[in-house]
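So this block is target-v9.txt, compact mmCIF, C-alpha atoms:
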```txt
# COMPACT_ATOMS: atom_id res chain seq x y z
CA MET A 15 110.81 46.65 101.98
CA SER A 16 111.86 47.25 105.59
CA SER A 17 115.41 48.26 106.38
CA SER A 18 117.50 47.10 109.31
CA THR A 19 119.39 49.29 111.75
CA VAL A 20 121.94 48.44 114.39
CA ILE A 21 122.39 50.70 117.40
CA THR A 22 125.88 49.96 118.62
CA ASN A 23 128.31 51.20 121.28
CA ILE A 24 125.60 51.02 123.98
CA ALA A 25 127.19 51.25 127.43
CA THR A 26 124.28 49.48 129.17
CA LEU A 27 121.34 47.83 127.42
CA VAL A 28 118.23 47.02 129.48
CA THR A 29 116.49 44.05 127.84
CA ASN A 30 114.17 42.97 130.71
CA ASP A 31 115.04 39.39 129.84
CA PRO A 32 116.87 37.65 132.72
CA SER A 33 118.16 34.97 130.33
CA LEU A 34 120.35 37.64 128.73
CA GLY A 35 123.40 39.55 129.93
CA ASP A 36 123.98 39.59 133.66
CA GLY A 37 121.00 37.37 134.51
CA SER A 38 119.25 40.05 136.57
CA PRO A 39 115.56 40.88 136.00
CA LEU A 40 116.73 43.75 133.78
CA GLY A 41 118.86 41.41 131.66
CA LEU A 42 121.64 43.99 131.44
CA ILE A 43 124.14 43.71 128.61
CA GLN A 44 127.28 45.85 128.76
CA ASP A 45 128.96 47.23 125.60
CA ALA A 46 125.88 46.13 123.71
CA ALA A 47 124.05 46.49 120.44
CA VAL A 48 120.45 46.07 119.33
CA VAL A 49 119.23 45.41 115.78
CA ILE A 50 115.92 46.79 114.55
CA ASP A 51 114.28 45.24 111.49
CA GLY A 52 111.13 47.04 110.45
CA ASP A 53 109.08 47.67 113.58
CA ARG A 54 110.61 44.82 115.60
CA VAL A 55 113.75 43.99 117.55
CA ALA A 56 115.67 41.40 115.57
CA TRP A 57 118.75 40.84 117.74
CA THR A 58 120.43 41.96 120.96
CA GLY A 59 123.86 41.13 122.28
CA GLU A 60 127.43 42.30 122.64
CA SER A 61 128.39 45.10 120.29
CA SER A 62 131.31 43.17 118.83
CA LYS A 63 128.97 40.38 117.68
CA ALA A 64 126.35 42.54 115.99
CA PRO A 65 125.30 41.33 112.52
CA ALA A 66 125.53 43.47 109.40
CA THR A 67 122.61 45.83 108.79
CA ASP A 68 121.50 48.47 106.31
CA ASN A 69 122.00 51.33 108.76
CA ARG A 70 124.14 51.99 111.79
CA VAL A 71 123.63 54.32 114.77
CA ASP A 72 126.41 54.95 117.31
CA ALA A 73 124.95 55.29 120.82
CA GLY A 74 128.15 56.97 121.95
CA GLY A 75 128.54 54.99 125.17
CA ARG A 76 125.05 55.80 126.41
CA ALA A 77 122.32 53.59 127.88
CA VAL A 78 119.36 52.16 125.98
CA LEU A 79 116.23 50.77 127.61
CA PRO A 80 112.72 49.85 126.48
CA GLY A 81 110.33 52.73 125.91
CA PHE A 82 108.35 53.52 129.03
CA VAL A 83 104.88 51.99 129.28
CA ASP A 84 102.54 54.44 131.03
CA SER A 85 99.59 52.22 131.93
CA HIS A 86 97.49 54.84 133.79
CA SER A 87 96.66 58.34 132.58
CA HIS A 88 93.67 60.67 132.16
CA LEU A 89 94.49 62.78 129.12
CA VAL A 90 91.13 63.62 127.55
CA PHE A 91 90.25 66.75 129.49
CA ALA A 92 90.03 70.52 129.27
CA GLY A 93 91.03 73.28 131.67
CA ASP A 94 93.37 73.00 134.62
CA ARG A 95 93.11 73.09 138.39
CA THR A 96 95.90 75.47 139.29
CA GLN A 97 93.86 77.14 142.01
CA GLU A 98 93.02 73.80 143.62
CA PHE A 99 96.69 72.76 143.57
CA ASN A 100 97.73 76.08 145.06
CA ALA A 101 95.15 75.74 147.83
CA ARG A 102 96.25 72.17 148.54
CA MET A 103 99.89 73.21 148.80
CA SER A 104 98.66 75.86 151.23
CA GLY A 105 97.03 73.33 153.51
CA ARG A 106 93.77 72.07 152.05
CA SER A 107 93.42 68.28 151.83
CA TYR A 108 92.72 66.37 148.62
CA THR A 109 89.32 64.75 148.02
CA ALA A 110 87.69 63.13 145.01
CA GLY A 111 85.32 66.09 144.59
CA GLY A 112 87.67 68.30 142.59
CA ILE A 113 87.04 66.13 139.52
CA ARG A 114 83.78 68.08 139.01
CA THR A 115 85.77 71.16 137.99
CA THR A 116 87.38 69.25 135.13
CA VAL A 117 84.04 67.69 134.17
CA ALA A 118 82.55 71.14 133.61
CA ALA A 119 85.49 72.31 131.49
CA THR A 120 85.60 69.10 129.46
CA ARG A 121 81.90 69.20 128.66
CA ALA A 122 82.27 72.77 127.43
CA ALA A 123 85.26 72.00 125.17
CA SER A 124 85.01 71.11 121.50
CA ASP A 125 86.32 67.84 120.08
CA ALA A 126 89.16 69.76 118.44
CA GLU A 127 90.14 71.37 121.73
CA LEU A 128 90.14 68.04 123.56
CA GLU A 129 92.21 66.36 120.87
CA ALA A 130 94.71 69.21 120.72
CA ASN A 131 95.22 68.99 124.48
CA LEU A 132 95.61 65.20 124.27
CA THR A 133 98.20 65.34 121.49
CA HIS A 134 100.11 68.09 123.32
CA HIS A 135 100.54 65.89 126.37
CA LEU A 136 101.31 62.81 124.29
CA ALA A 137 104.12 64.66 122.53
CA GLU A 138 105.38 65.85 125.90
CA ALA A 139 105.40 62.25 127.19
CA LEU A 140 107.09 60.93 124.04
CA ARG A 141 109.96 63.38 124.46
CA GLN A 142 110.46 61.86 127.91
CA GLY A 143 110.62 58.30 126.60
CA THR A 144 107.01 57.07 126.84
CA THR A 145 106.20 54.94 123.79
CA THR A 146 103.00 53.22 125.00
CA PHE A 147 100.26 54.83 127.05
CA GLU A 148 96.84 53.97 128.36
CA THR A 149 94.30 56.74 128.80
CA LYS A 150 90.78 56.99 130.14
CA SER A 151 87.52 58.82 129.75
CA GLY A 152 85.93 60.00 132.98
CA TYR A 153 85.65 63.77 132.63
CA GLY A 154 82.41 63.81 130.64
CA LEU A 155 80.05 61.64 132.69
CA THR A 156 77.30 61.83 130.06
CA VAL A 157 76.68 59.28 127.32
CA GLU A 158 77.73 61.75 124.63
CA ASP A 159 80.79 63.14 126.44
CA GLU A 160 82.15 59.77 127.55
CA SER A 161 81.79 58.21 124.11
CA ARG A 162 83.40 61.19 122.35
CA ALA A 163 86.33 61.10 124.80
CA LEU A 164 86.92 57.45 123.94
CA ARG A 165 86.62 58.05 120.20
CA ILE A 166 89.23 60.80 120.45
CA ALA A 167 91.57 58.67 122.58
CA ALA A 168 91.22 55.66 120.27
CA ARG A 169 92.70 57.67 117.41
CA HIS A 170 95.98 57.80 119.35
CA THR A 171 96.27 54.54 121.33
CA ASP A 172 94.90 51.01 121.47
CA GLU A 173 94.91 51.14 125.27
CA VAL A 174 91.64 53.00 125.87
CA THR A 175 89.68 52.72 129.11
CA TYR A 176 86.03 53.52 129.77
CA LEU A 177 85.82 55.34 133.11
CA GLY A 178 82.25 56.55 133.23
CA ALA A 179 82.48 55.54 136.90
CA HIS A 180 85.07 58.19 137.84
CA ILE A 181 82.66 59.89 140.22
CA VAL A 182 78.88 60.07 140.35
CA SER A 183 77.91 62.66 137.77
CA PRO A 184 76.83 65.98 139.32
CA ASP A 185 73.61 65.53 137.34
CA TYR A 186 72.82 62.48 139.49
CA ALA A 187 74.10 63.73 142.84
CA ASP A 188 70.77 62.88 144.50
CA ASP A 189 70.36 59.49 142.80
CA PRO A 190 73.64 57.53 142.60
CA ALA A 191 71.79 54.30 141.81
CA ALA A 192 70.37 55.86 138.67
CA TYR A 193 73.86 56.92 137.60
CA VAL A 194 75.20 53.40 138.12
CA ALA A 195 72.32 52.17 135.96
CA LEU A 196 73.35 54.66 133.26
CA VAL A 197 77.04 53.67 133.46
CA THR A 198 76.16 49.97 133.14
CA GLY A 199 73.45 50.52 130.52
CA GLU A 200 73.16 53.18 127.84
CA MET A 201 76.58 54.73 128.51
CA LEU A 202 78.32 51.36 128.41
CA ASP A 203 76.56 50.47 125.14
CA ALA A 204 77.81 53.70 123.55
CA CYS A 205 81.36 53.43 124.93
CA ALA A 206 82.24 49.73 124.68
CA PRO A 207 82.97 49.78 120.92
CA HIS A 208 85.73 52.35 121.46
CA ALA A 209 87.49 50.85 124.51
CA ARG A 210 89.52 47.84 125.58
CA TRP A 211 89.22 48.33 129.35
CA ILE A 212 86.68 49.36 131.98
CA ASP A 213 87.70 51.13 135.19
CA VAL A 214 85.99 52.42 138.32
CA PHE A 215 87.10 54.70 141.15
CA CYS A 216 86.29 52.53 144.17
CA GLU A 217 86.64 55.01 147.02
CA LYS A 218 84.73 57.01 149.61
CA GLY A 219 83.15 59.89 147.71
CA ALA A 220 83.05 57.86 144.49
CA PHE A 221 81.77 54.24 144.26
CA ASP A 222 81.52 51.57 146.94
CA GLY A 223 82.41 47.91 146.52
CA ASP A 224 78.96 46.73 145.45
CA GLN A 225 78.63 49.52 142.89
CA ALA A 226 82.14 48.86 141.58
CA ARG A 227 81.44 45.13 141.21
CA ALA A 228 78.24 45.83 139.26
CA ILE A 229 80.02 48.26 136.94
CA LEU A 230 83.03 46.06 136.24
CA THR A 231 80.90 42.96 135.78
CA ALA A 232 78.68 44.76 133.28
CA GLY A 233 81.74 45.92 131.37
CA ARG A 234 83.21 42.45 131.30
CA ALA A 235 79.95 41.14 129.82
CA LYS A 236 80.46 43.65 126.99
CA GLY A 237 84.01 42.42 126.34
CA LEU A 238 85.88 45.07 128.35
CA HIS A 239 88.54 43.85 130.77
CA PRO A 240 88.55 45.32 134.31
CA ARG A 241 91.07 47.60 135.95
CA ILE A 242 90.31 49.57 139.10
CA HIS A 243 91.31 52.65 141.11
CA ALA A 244 91.80 50.91 144.44
CA ASN A 245 92.69 51.90 148.01
CA GLN A 246 94.04 55.35 147.16
CA LEU A 247 92.58 57.54 149.90
CA SER A 248 91.58 54.93 152.47
CA TYR A 249 91.34 51.22 153.18
CA GLY A 250 88.57 49.63 151.16
CA PRO A 251 87.39 46.70 149.04
CA GLY A 252 89.07 47.76 145.78
CA VAL A 253 92.10 45.48 145.81
CA GLN A 254 90.14 42.40 146.83
CA LEU A 255 87.58 43.15 144.13
CA ALA A 256 90.34 43.56 141.55
CA VAL A 257 91.75 40.13 142.35
CA GLU A 258 88.29 38.55 142.47
CA LEU A 259 87.48 39.83 138.97
CA ASP A 260 90.98 39.14 137.56
CA ALA A 261 91.51 42.84 136.88
CA ALA A 262 94.67 43.57 134.93
CA SER A 263 95.68 46.10 137.55
CA ALA A 264 94.73 47.63 140.87
CA ASP A 265 95.92 51.22 140.71
CA HIS A 266 97.19 53.44 143.56
CA CYS A 267 97.31 50.73 146.30
CA THR A 268 98.28 53.20 149.01
CA HIS A 269 96.27 51.79 151.94
CA LEU A 270 96.70 48.01 152.04
CA THR A 271 96.04 45.35 154.63
CA ASP A 272 98.19 42.23 154.84
CA ALA A 273 95.32 40.37 153.14
CA ASP A 274 95.39 42.87 150.27
CA VAL A 275 99.12 42.39 149.78
CA ASP A 276 98.77 38.61 149.89
CA ALA A 277 95.91 38.72 147.39
CA LEU A 278 97.98 40.74 144.93
CA ALA A 279 101.05 38.55 145.38
CA ASN A 280 99.03 35.42 144.62
CA SER A 281 97.23 36.77 141.55
CA SER A 282 97.92 38.04 138.05
CA THR A 283 96.64 41.51 139.02
CA VAL A 284 99.42 44.10 138.87
CA ALA A 285 99.77 46.72 141.60
CA THR A 286 100.18 49.96 139.66
CA LEU A 287 101.75 52.67 141.81
CA LEU A 288 101.35 56.34 140.91
CA PRO A 289 103.82 58.40 142.95
CA GLY A 290 102.98 61.60 141.08
CA ALA A 291 99.64 61.57 142.90
CA GLU A 292 101.22 61.36 146.33
CA PHE A 293 103.72 64.06 145.38
CA SER A 294 100.94 66.38 144.20
CA THR A 295 98.61 65.76 147.13
CA ARG A 296 101.16 65.40 149.95
CA ALA A 297 99.57 62.06 150.74
CA GLN A 298 101.05 58.91 152.25
CA TRP A 299 103.42 57.10 149.88
CA PRO A 300 102.52 53.56 148.75
CA ASP A 301 104.82 50.98 150.30
CA ALA A 302 106.35 49.47 147.19
CA ARG A 303 108.91 47.57 149.25
CA ARG A 304 106.14 45.68 151.07
CA LEU A 305 104.53 44.67 147.77
CA LEU A 306 107.77 43.65 146.10
CA ASP A 307 108.99 41.64 149.07
CA ALA A 308 105.67 39.77 149.10
CA GLY A 309 106.11 38.84 145.43
CA ALA A 310 103.52 41.15 143.86
CA THR A 311 104.09 42.48 140.36
CA VAL A 312 104.45 46.28 140.47
CA ALA A 313 104.03 48.85 137.71
CA LEU A 314 104.91 52.54 137.84
CA SER A 315 102.86 55.10 135.94
CA THR A 316 102.26 58.84 135.91
CA ASP A 317 98.48 59.11 136.54
CA CYS A 318 98.78 62.24 134.40
CA ASN A 319 95.64 64.27 135.08
CA PRO A 320 94.90 67.95 135.78
CA GLY A 321 93.86 67.50 139.40
CA SER A 322 96.06 65.17 141.41
CA SER A 323 99.12 64.34 139.28
CA PHE A 324 99.77 66.79 136.47
CA THR A 325 102.98 65.21 135.21
CA SER A 326 103.65 63.23 132.05
CA SER A 327 107.19 62.33 133.13
CA VAL A 328 107.89 58.67 133.85
CA PRO A 329 111.53 59.54 134.72
CA PHE A 330 110.22 61.85 137.45
CA CYS A 331 108.03 59.04 138.80
CA ILE A 332 111.00 56.66 138.77
CA ALA A 333 112.99 59.12 140.87
CA LEU A 334 110.09 59.49 143.34
CA ALA A 335 109.68 55.71 143.59
CA VAL A 336 113.36 55.25 144.43
CA ARG A 337 113.52 58.12 146.89
CA ASP A 338 110.17 57.81 148.65
CA MET A 339 108.72 54.34 147.94
CA ARG A 340 111.84 52.30 148.80
CA MET A 341 112.34 50.83 145.33
CA THR A 342 115.80 50.19 143.94
CA PRO A 343 116.66 51.92 140.65
CA ASP A 344 116.52 48.54 138.88
CA GLU A 345 113.07 47.78 140.31
CA ALA A 346 111.73 51.20 139.37
CA VAL A 347 112.97 50.96 135.77
CA TRP A 348 111.55 47.43 135.42
CA SER A 349 108.21 48.59 136.81
CA ALA A 350 108.04 51.53 134.39
CA THR A 351 108.69 49.28 131.40
CA ALA A 352 107.97 45.57 131.83
CA GLY A 353 105.68 46.27 134.79
CA GLY A 354 103.58 48.67 132.74
CA ALA A 355 103.39 46.08 129.97
CA ALA A 356 102.15 43.50 132.48
CA ALA A 357 99.50 45.95 133.68
CA LEU A 358 98.26 46.10 130.09
CA ARG A 359 98.67 42.35 129.61
CA ARG A 360 101.09 42.93 126.77
CA THR A 361 104.15 40.82 125.91
CA ASP A 362 105.26 42.75 122.81
CA ILE A 363 106.36 45.89 124.67
CA GLY A 364 108.41 46.72 127.78
CA ARG A 365 111.34 44.55 126.71
CA LEU A 366 114.09 44.55 124.10
CA THR A 367 114.34 40.97 122.88
CA PRO A 368 113.88 39.46 119.42
CA GLY A 369 110.28 39.76 118.30
CA ALA A 370 109.39 42.61 120.66
CA ARG A 371 108.18 45.91 119.25
CA ALA A 372 111.13 48.19 118.59
CA ASP A 373 110.32 50.85 121.18
CA LEU A 374 113.60 52.17 122.61
CA THR A 375 114.75 55.07 124.75
CA LEU A 376 118.31 56.39 124.53
CA LEU A 377 119.60 58.19 127.62
CA ASP A 378 122.28 60.86 127.74
CA ALA A 379 123.89 58.79 130.49
CA PRO A 380 125.84 55.51 130.68
CA SER A 381 123.31 53.73 132.90
CA HIS A 382 119.57 53.55 133.60
CA VAL A 383 120.42 54.29 137.25
CA HIS A 384 120.90 57.94 136.26
CA LEU A 385 117.11 58.27 135.94
CA ALA A 386 116.98 58.28 139.75
CA TYR A 387 120.53 59.51 140.34
CA ARG A 388 119.94 62.74 138.34
CA PRO A 389 116.30 63.63 139.07
CA GLY A 390 114.75 66.42 137.03
CA VAL A 391 117.46 66.34 134.36
CA PRO A 392 116.16 65.78 130.79
CA LEU A 393 118.21 62.64 130.10
CA VAL A 394 116.17 61.21 127.21
CA SER A 395 118.12 62.03 124.03
CA GLY A 396 116.49 59.67 121.54
CA VAL A 397 113.30 57.65 121.18
CA TRP A 398 112.38 54.96 118.66
CA ARG A 399 108.76 53.91 118.35
CA ARG A 400 107.78 50.91 116.23
CA GLY A 401 111.28 50.99 114.76
CA ALA A 402 111.26 54.63 113.65
CA ARG A 403 113.21 57.34 115.42
CA VAL A 404 110.70 59.92 116.62
CA VAL A 405 112.83 62.00 119.04
```
Let me see whether you can do it: turn the structure in this file into structure tokens.
Amino acid sequence: MSSSTVITNIATLVTNDPSLGDGSPLGLIQDAAVVIDGDRVAWTGESSKAPATDNRVDAGGRAVLPGFVDSHSHLVFAGDRTQEFNARMSGRSYTAGGIRTTVAATRAASDAELEANLTHHLAEALRQGTTTFETKSGYGLTVEDESRALRIAARHTDEVTYLGAHIVSPDYADDPAAYVALVTGEMLDACAPHARWIDVFCEKGAFDGDQARAILTAGRAKGLHPRIHANQLSYGPGVQLAVELDAASADHCTHLTDADVDALANSSTVATLLPGAEFSTRAQWPDARRLLDAGATVALSTDCNPGSSFTSSVPFCIALAVRDMRMTPDEAVWSATAGGAAALRRTDIGRLTPGARADLTLLDAPSHVHLAYRPGVPLVSGVWRRGARVV
């Protein structure tokens, strides 16, 4: 028998339903309450109208919003790249080649070591309000190492992505075509049962447009839906390919032509922006304002990985997006919740409306705006996941 709980005395409730509250995209309700029944949201509205429940929690005049949906991370890895980061902050530019350092460490690690590192970073993210996360393989680049990465990840999330095409494996440095054949053949056969998505790093130094199309098309034939690392370091074919193949998301989107922006705005492909990467590489910021004004759907995620964005903090990424990517606080919060859900093609998360999964974040602040207004402050004071309080 499930029990019901009402969280009352909420100063500001973010529902992400514009039919509720103030009618904005965030569907803000002031002096609000939310009822959880089992693992689902049963009711939202004004606190004074809340129905009777088995349990009651007083939010104490603080804000509640949906749990963050981190739709892009790389958490199955070993080692770190402190020296590379230090060199980069001392003037060296970022390239895709540093991934090889993590590949070597990941191959050398045991399953237990990889899983312990994964769960450490998941717990870290949960404490900061992330209740749904996607994560990828991509640091093994052999049939055995890619498939074990996905098996480990699948024990902790349904949103698992096969990224055998992160870079050309060092073992195939002199024969990229043979590596593409492996990624689309034996490796795909071993990995597809453990994944929902297939991804490729379409970039100079990684995979070109023709290689990316072949990889994503092969994955789709095996039942994996495409997503793509697109246009991070330079202009390229990634965004157009994402739209052509109905990818759930094109991720990074830093270097865009007008045609790229138009393509995203007129498609169901989400532009997932990853400001932690630009922060950690001192690269050009994506122009979120340009995408939003064109009508594209935007998600915000951490890109948590040991090389180019070693943060698990969605609140930090929200603050960066507001300060440096010209997003409003409302837009950034929507993109980190409902936007992330859209990038995973999910309707049961990223919102707090009846029937949605009861994933909630309680802030030690009266408004979601404080996530950008008070950057670096640990504002998350409570987290519910699937209806149970976990923080």
Per-residue nearest contacts of region 340-363 of chain A to region 34-55 of chain A (12 Å; all atoms listed in the file) as JSON lines:
```
{"residue": "A:Pro343", "atom": "CA", "partner": "A:Leu40", "partner_atom": "CA", "distance": 10.7}
{"residue": "A:Asp344", "atom": "CA", "partner": "A:Leu40", "partner_atom": "CA", "distance": 7.0}
{"residue": "A:Glu345", "atom": "CA", "partner": "A:Leu40", "partner_atom": "CA", "distance": 8.5}
{"residue": "A:Ala346", "atom": "CA", "partner": "A:Leu40", "partner_atom": "CA", "distance": 10.6}
{"residue": "A:Val347", "atom": "CA", "partner": "A:Leu40", "partner_atom": "CA", "distance": 8.4}
{"residue": "A:Trp348", "atom": "CA", "partner": "A:Leu40", "partner_atom": "CA", "distance": 6.6}
{"residue": "A:Ser349", "atom": "CA", "partner": "A:Leu40", "partner_atom": "CA", "distance": 10.3}
{"residue": "A:Ala350", "atom": "CA", "partner": "A:Leu40", "partner_atom": "CA", "distance": 11.7}
{"residue": "A:Thr351", "atom": "CA", "partner": "A:Leu40", "partner_atom": "CA", "distance": 10.0}
{"residue": "A:Ala352", "atom": "CA", "partner": "A:Leu40", "partner_atom": "CA", "distance": 9.2}
{"residue": "A:Gly353", "atom": "CA", "partner": "A:Pro39", "partner_atom": "CA", "distance": 11.3}
{"residue": "A:Asp362", "atom": "CA", "partner": "A:Arg54", "partner_atom": "CA", "distance": 9.2}
{"residue": "A:Ile363", "atom": "CA", "partner": "A:Arg54", "partner_atom": "CA", "distance": 10.1}
```
Find the spatial neighbours of region 219-235 of chain A, counting all atoms listed in the file, within a cut-off of 6 Å - ignore same-chain residues fewer than 5 positions away - and output them as a list of chain:residue names.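 Contacts, with the query itself left out: A:Ile181, A:Thr198, A:Pro240, A:Pro251.
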Go ahead and write the selection's residues with C-alpha atoms as a PDB file, keeping the file's coordinate frame.
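Saved the output as selection_1.pdb:
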```
ATOM      1  CA  ILE A 181      82.660  59.890 140.220  1.00  0.00           C
ATOM      2  CA  THR A 198      76.160  49.970 133.140  1.00  0.00           C
ATOM      3  CA  PRO A 240      88.550  45.320 134.310  1.00  0.00           C
ATOM      4  CA  PRO A 251      87.390  46.700 149.040  1.00  0.00           C
TER       5      PRO A 251
END
```
Compare A:Ala256, A:Ile212, A:Ala123, A:Ala187 by their minimum atom-to-atom distance to Glu173 (chain A), counting only C-alpha atoms, and give me the closest one. A:Ile212
Can you tell me how far CA of Ser17 (chain A) sits from CA of Thr67 (chain A), in Å to one decimal?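 Spanning CA of Ser17 (chain A) to CA of Thr67 (chain A) is a straight-line distance of 8.0 Å.
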Compile the contact shell of Val78 (chain A) as a list in words: residues with an atom at most 6 Å away, counting all atoms listed in the file, same-chain residues fewer than 2 positions apart removed. Leu27, Thr375 and Leu376 of chain A
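Proximity ranking of A:Ala101, A:Pro329, A:Thr286, A:Met341 relative to Leu306 (chain A) places A:Met341 first, based on all atoms listed in the file.
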